[in-house]
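Enquirer: Take this structure, written in structure tokens, and hold onto it; I'll ask about it next.
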Amino acid sequence: MRYDVSIVPTRLNPDLTPELEREVKFFLKWGYLVVENALTNEQVETLRSALDETFARTKTQFSHQLLEEDERFTFLLDNPPVLARMKAILGNCVQLHSATARVTEPGAPDQSWHRDGPWPVDPDGTPFGSIPGQINCGYYLDELTMENGPIVVVPGSHRAPFKPPEGYPRFPDEQFILAKPGQAILFNGWLYHRGAANKSESRRRVCLMCYQNAWMKSREPFTGPLASRLREHGAAEQKLLLGGVPQW
């Protein structure tokens, strides 16, 4: 199948600054990373408006194929502060796995511990070195508090060779991440994680962009009008992110 070969990076790994090197080491060890200044105040407001309108139109808690819902979500595809860190961890050949959003209503219960992929984790790694299968990026549009249900993670659990327990039992080293609007939370898809119960009187809103190596299968087909247009006429990086190389 033919494709534009110019969209394939000529180097697999980017050059990293000392700061990025530290962040990559932290992420590989603990399985998550908080990115400061991932969004401007204006971008946060733009996403809030777009998600509120999407929620009012669709009447659903989850928005799948988020890029097709509103063009105001488009910039999240290749948002520089996040994409730079995705490349630092995964290499330059990165592809979008999925783009979704969630609106959690007041009274929503605790989520169960889970991982986002079915693949096993081998404590000995793989013959050529173990890398994350996918990395999630959560843009929380409301300040997370202990009342409205922050994301909860078990640092280092992405290396555990067994699946998380059923339900939401407490872990002695679990961490509640109280993210603020403008920050982004990256976390390995194999990290034990869950959303805590929303005991507040307000909704909790988040946009979730998930990335992976470009030669892996994506969850979304990216065949909608907006994604198709970007894959055909967008920048080289956007084409690659949306599956512009159909076969590797």
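Chain labels follow the order of the structure tokens: the first chain is A, the next B, and so on; residue numbering restarts at 1 in every chain, and ligands are counted from 1 in their shown order.
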Go through region 87-130 of chain A residue by residue and, counting only C-alpha atoms, keep those with an atom at most 12 Å from region 170-185 of chain A; for each kept residue give the shortest atom pair and its distance in Å to one decimal, ordered by chain and increasing number, as a tab-separated table.
Expert:
```
residue	atom	partner	partner_atom	distance
A:Asp110	CA	A:Arg170	CA	11.8
A:Ser112	CA	A:Arg170	CA	11.0
A:Trp113	CA	A:Arg170	CA	10.0
```
Enquirer: Write out as a list of chain:residue names the residues lying within 12 Å of region 228-234 of chain A, counting only C-alpha atoms and excluding same-chain residues fewer than 4 positions away.
Expert: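 Here the qualifying residues turn out to be A:Tyr3, A:Asp4, A:Ile7, A:Leu67, A:Glu68, A:Glu71, A:Thr74, A:Phe75, A:Leu77, A:Asp78, A:Gln95, A:Leu96, A:Pro221, A:Phe222, A:Thr223, A:Gly224, A:Gln238, A:Lys239, A:Leu240, A:Leu241, A:Leu242, A:Gly243, A:Gly244, A:Val245, A:Pro246.
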Enquirer: For the selection you just gave me, I'd like the residues written to a file as a compact mmCIF listing (two decimals), in the first residue's frame, keeping C-alpha atoms.
Expert:
```txt
# COMPACT_ATOMS: atom_id res chain seq x y z
CA TYR A 3 2.09 6.18 1.31
CA ASP A 4 4.13 9.36 1.56
CA ILE A 7 6.36 11.44 6.84
CA LEU A 67 -11.37 14.59 17.20
CA GLU A 68 -14.55 14.17 15.15
CA GLU A 71 -12.50 20.95 15.61
CA THR A 74 -7.73 19.12 17.02
CA PHE A 75 -4.70 20.81 18.59
CA LEU A 77 -3.33 15.65 18.47
CA ASP A 78 0.16 17.14 18.31
CA GLN A 95 0.91 7.20 16.46
CA LEU A 96 -2.35 8.11 18.14
CA PRO A 221 -9.76 3.67 12.63
CA PHE A 222 -9.37 7.46 12.19
CA THR A 223 -11.63 7.33 9.15
CA GLY A 224 -13.92 10.22 10.12
CA GLN A 238 -0.17 14.79 11.88
CA LYS A 239 -0.25 12.29 9.04
CA LEU A 240 2.02 9.91 10.92
CA LEU A 241 0.01 10.30 14.13
CA LEU A 242 -3.21 9.37 12.34
CA GLY A 243 -1.91 6.24 10.67
CA GLY A 244 -0.51 7.73 7.47
CA VAL A 245 1.74 4.68 7.17
CA PRO A 246 -0.85 1.89 6.99
```
Enquirer: Write out as a Markdown table a residue-level contact list of region 50-151 of chain A versus region 11-20 of chain A with cut-off 10 Å: for each qualifying residue the closest pair of atoms and the distance in Å to one decimal, counting only C-alpha atoms, rows sorted by chain and residue number upward.
Expert:
```
| residue | atom | partner | partner_atom | distance |
| --- | --- | --- | --- | --- |
| A:Ala84 | CA | A:Leu20 | CA | 8.8 |
| A:Arg85 | CA | A:Leu20 | CA | 7.2 |
| A:Lys87 | CA | A:Pro14 | CA | 7.0 |
| A:Ala88 | CA | A:Pro14 | CA | 6.4 |
| A:Ile89 | CA | A:Asn13 | CA | 8.9 |
| A:Leu90 | CA | A:Asn13 | CA | 8.1 |
| A:Gly91 | CA | A:Asn13 | CA | 4.6 |
| A:Asn92 | CA | A:Leu12 | CA | 5.3 |
| A:Cys93 | CA | A:Leu12 | CA | 6.6 |
| A:Val94 | CA | A:Leu12 | CA | 9.9 |
```
Enquirer: Which polymer residues have any atom within 9 Å of an atom of Gln61 (chain A), counting only C-alpha atoms, with same-chain residues fewer than 5 positions away left out, as an NGL selection string?
Expert: :A and (55 or 101-105)
Enquirer: From a backbone DSSP assignment, name each residue in region 29-154 of chain A labelled alpha helix (DSSP H), as an MDAnalysis selection string.
Expert: chainID A and resid 29:30 41:58 80:90
Enquirer: Filtering to C-alpha atoms, could you give me those residues as a compact mmCIF listing (two decimals), in the first residue's frame?
Expert:
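Writing the result to part16.txt gives the following:
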```
# COMPACT_ATOMS: atom_id res chain seq x y z
CA LYS A 29 10.54 3.88 36.92
CA TRP A 30 7.16 4.98 38.30
CA ASN A 41 -5.49 29.18 30.25
CA GLU A 42 -7.08 30.04 26.91
CA GLN A 43 -6.74 26.44 25.71
CA VAL A 44 -8.31 25.14 28.93
CA GLU A 45 -11.32 27.41 28.39
CA THR A 46 -11.56 26.34 24.75
CA LEU A 47 -11.61 22.66 25.70
CA ARG A 48 -14.17 23.25 28.44
CA SER A 49 -16.54 24.93 25.99
CA ALA A 50 -16.01 22.26 23.34
CA LEU A 51 -16.54 19.40 25.79
CA ASP A 52 -19.59 20.99 27.43
CA GLU A 53 -21.20 21.43 24.03
CA THR A 54 -20.30 17.88 23.02
CA PHE A 55 -21.77 16.53 26.27
CA ALA A 56 -24.98 18.53 25.80
CA ARG A 57 -25.33 17.28 22.23
CA THR A 58 -24.50 13.61 22.71
CA PRO A 80 3.98 20.22 21.63
CA PRO A 81 4.52 19.91 25.43
CA VAL A 82 2.95 16.45 25.47
CA LEU A 83 4.14 15.16 22.11
CA ALA A 84 7.75 16.04 22.96
CA ARG A 85 7.54 13.77 26.00
CA MET A 86 5.80 11.01 24.08
CA LYS A 87 8.66 11.03 21.59
CA ALA A 88 11.23 11.14 24.37
CA ILE A 89 9.76 7.91 25.78
CA LEU A 90 8.57 6.08 22.65
```
Enquirer: For CA of Ser157 (chain A) and CA of Gly138 (chain A), determine how far apart the two atoms are, in Å to one decimal place.
Expert: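 Here the two named atoms are 18.4 Å from each other.
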Enquirer: Between A:Pro225, A:Gly149, A:Gly156, A:Pro161, single out the one closest to Arg194 (chain A), counting only C-alpha atoms.
Expert: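 Using only C-alpha atoms, Arg194 (chain A) sits closest to A:Gly149.
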Enquirer: Report as a PyMOL selection string: the residues of region 50-232 of chain A with a DSSP assignment of strand (DSSP E or B), based on the backbone of this structure.
Expert: chain A and resi 62-63+94-104+114+135-140+151-153+175-177+181+183-188+193-195+204-213
Enquirer: Store the residues picked out above, limited to N, CA and C atoms, as a tab-separated table (two decimals), in the first residue's frame.
Expert:
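To be explicit, this is the file written out as out_4.tsv:
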```
chain	number	residue	atom	x	y	z
A	62	PHE	N	-19.28	9.33	27.93
A	62	PHE	CA	-18.04	9.11	27.20
A	62	PHE	C	-18.15	9.67	25.79
A	63	SER	N	-17.08	10.27	25.32
A	63	SER	CA	-16.98	10.71	23.94
A	63	SER	C	-15.86	9.93	23.28
A	94	VAL	N	5.65	7.84	16.38
A	94	VAL	CA	4.54	7.79	17.33
A	94	VAL	C	3.23	7.89	16.56
A	95	GLN	N	2.23	7.18	17.07
A	95	GLN	CA	0.91	7.20	16.46
A	95	GLN	C	-0.15	7.35	17.55
A	96	LEU	N	-1.25	7.99	17.21
A	96	LEU	CA	-2.35	8.11	18.14
A	96	LEU	C	-3.08	6.78	18.25
A	97	HIS	N	-3.30	6.33	19.47
A	97	HIS	CA	-4.06	5.10	19.71
A	97	HIS	C	-5.56	5.40	19.78
A	98	SER	N	-5.91	6.48	20.48
A	98	SER	CA	-7.31	6.85	20.62
A	98	SER	C	-7.41	8.25	21.18
A	99	ALA	N	-8.56	8.88	20.95
A	99	ALA	CA	-8.84	10.21	21.50
A	99	ALA	C	-10.25	10.16	22.07
A	100	THR	N	-10.38	10.34	23.37
A	100	THR	CA	-11.67	10.23	24.03
A	100	THR	C	-11.81	11.34	25.06
A	101	ALA	N	-12.98	11.40	25.68
A	101	ALA	CA	-13.22	12.33	26.78
A	101	ALA	C	-14.24	11.70	27.71
A	102	ARG	N	-14.23	12.15	28.94
A	102	ARG	CA	-15.16	11.63	29.93
A	102	ARG	C	-15.66	12.78	30.81
A	103	VAL	N	-16.96	12.77	31.05
A	103	VAL	CA	-17.58	13.71	31.98
A	103	VAL	C	-18.16	12.88	33.13
A	104	THR	N	-17.59	13.03	34.32
A	104	THR	CA	-18.01	12.25	35.48
A	104	THR	C	-18.94	13.08	36.34
A	114	HIS	N	-7.62	-0.98	37.22
A	114	HIS	CA	-7.54	-1.63	35.91
A	114	HIS	C	-6.27	-1.20	35.19
A	135	ILE	N	0.76	4.95	26.02
A	135	ILE	CA	0.85	5.97	27.06
A	135	ILE	C	-0.37	6.87	26.96
A	136	ASN	N	-1.08	6.99	28.06
A	136	ASN	CA	-2.24	7.86	28.13
A	136	ASN	C	-1.83	9.25	28.56
A	137	CYS	N	-2.57	10.23	28.08
A	137	CYS	CA	-2.39	11.61	28.52
A	137	CYS	C	-3.74	12.16	28.91
A	138	GLY	N	-3.90	12.49	30.19
A	138	GLY	CA	-5.14	13.06	30.67
A	138	GLY	C	-5.03	14.56	30.87
A	139	TYR	N	-5.87	15.31	30.16
A	139	TYR	CA	-5.98	16.76	30.35
A	139	TYR	C	-7.21	16.99	31.22
A	140	TYR	N	-7.01	17.19	32.50
A	140	TYR	CA	-8.13	17.41	33.42
A	140	TYR	C	-8.52	18.89	33.38
A	151	ILE	N	-7.55	11.04	39.89
A	151	ILE	CA	-7.01	9.79	39.39
A	151	ILE	C	-6.09	9.21	40.47
A	152	VAL	N	-6.18	7.91	40.66
A	152	VAL	CA	-5.37	7.21	41.66
A	152	VAL	C	-4.48	6.22	40.93
A	153	VAL	N	-3.20	6.20	41.26
A	153	VAL	CA	-2.26	5.27	40.63
A	153	VAL	C	-1.46	4.55	41.69
A	175	GLN	N	-1.23	6.58	45.08
A	175	GLN	CA	-1.07	8.03	45.08
A	175	GLN	C	-2.27	8.68	44.39
A	176	PHE	N	-2.87	9.65	45.06
A	176	PHE	CA	-3.93	10.46	44.48
A	176	PHE	C	-3.27	11.66	43.81
A	177	ILE	N	-3.46	11.81	42.51
A	177	ILE	CA	-2.83	12.91	41.79
A	177	ILE	C	-3.83	14.06	41.66
A	181	PRO	N	-6.00	22.30	36.19
A	181	PRO	CA	-6.17	22.65	34.78
A	181	PRO	C	-4.90	23.30	34.23
A	183	GLN	N	-2.24	21.39	33.57
A	183	GLN	CA	-1.31	20.27	33.66
A	183	GLN	C	-1.84	19.10	32.83
A	184	ALA	N	-0.95	18.17	32.51
A	184	ALA	CA	-1.35	16.92	31.87
A	184	ALA	C	-0.71	15.79	32.67
A	185	ILE	N	-1.41	14.68	32.75
A	185	ILE	CA	-0.88	13.51	33.44
A	185	ILE	C	-0.63	12.42	32.41
A	186	LEU	N	0.62	12.04	32.25
A	186	LEU	CA	0.95	10.91	31.40
A	186	LEU	C	1.05	9.67	32.28
A	187	PHE	N	0.50	8.56	31.82
A	187	PHE	CA	0.67	7.34	32.58
A	187	PHE	C	0.69	6.13	31.66
A	188	ASN	N	1.57	5.21	31.97
A	188	ASN	CA	1.70	3.96	31.24
A	188	ASN	C	0.36	3.22	31.29
A	193	HIS	N	-4.46	1.86	37.76
A	193	HIS	CA	-5.04	3.19	37.94
A	193	HIS	C	-6.56	3.09	38.00
A	194	ARG	N	-7.17	4.14	38.52
A	194	ARG	CA	-8.62	4.22	38.60
A	194	ARG	C	-9.02	5.67	38.90
A	195	GLY	N	-10.26	5.98	38.69
A	195	GLY	CA	-10.81	7.27	39.10
A	195	GLY	C	-11.54	7.10	40.42
A	204	ARG	N	-16.69	16.34	36.72
A	204	ARG	CA	-15.25	16.25	36.52
A	204	ARG	C	-15.02	15.94	35.04
A	205	ARG	N	-14.28	16.81	34.35
A	205	ARG	CA	-14.12	16.68	32.90
A	205	ARG	C	-12.67	16.40	32.54
A	206	VAL	N	-12.47	15.50	31.58
A	206	VAL	CA	-11.12	15.16	31.15
A	206	VAL	C	-11.13	14.78	29.68
A	207	CYS	N	-10.10	15.21	28.97
A	207	CYS	CA	-9.83	14.76	27.60
A	207	CYS	C	-8.65	13.80	27.67
A	208	LEU	N	-8.77	12.67	27.00
A	208	LEU	CA	-7.75	11.63	27.07
A	208	LEU	C	-7.20	11.33	25.69
A	209	MET	N	-5.91	11.59	25.52
A	209	MET	CA	-5.21	11.29	24.27
A	209	MET	C	-4.22	10.17	24.56
A	210	CYS	N	-4.33	9.08	23.83
A	210	CYS	CA	-3.49	7.92	24.08
A	210	CYS	C	-2.58	7.68	22.86
A	211	TYR	N	-1.29	7.44	23.12
A	211	TYR	CA	-0.30	7.28	22.06
A	211	TYR	C	0.40	5.93	22.16
A	212	GLN	N	1.05	5.54	21.06
A	212	GLN	CA	1.74	4.27	20.99
A	212	GLN	C	2.79	4.34	19.88
A	213	ASN	N	3.58	3.30	19.76
A	213	ASN	CA	4.48	3.22	18.62
A	213	ASN	C	3.68	3.13	17.33
```
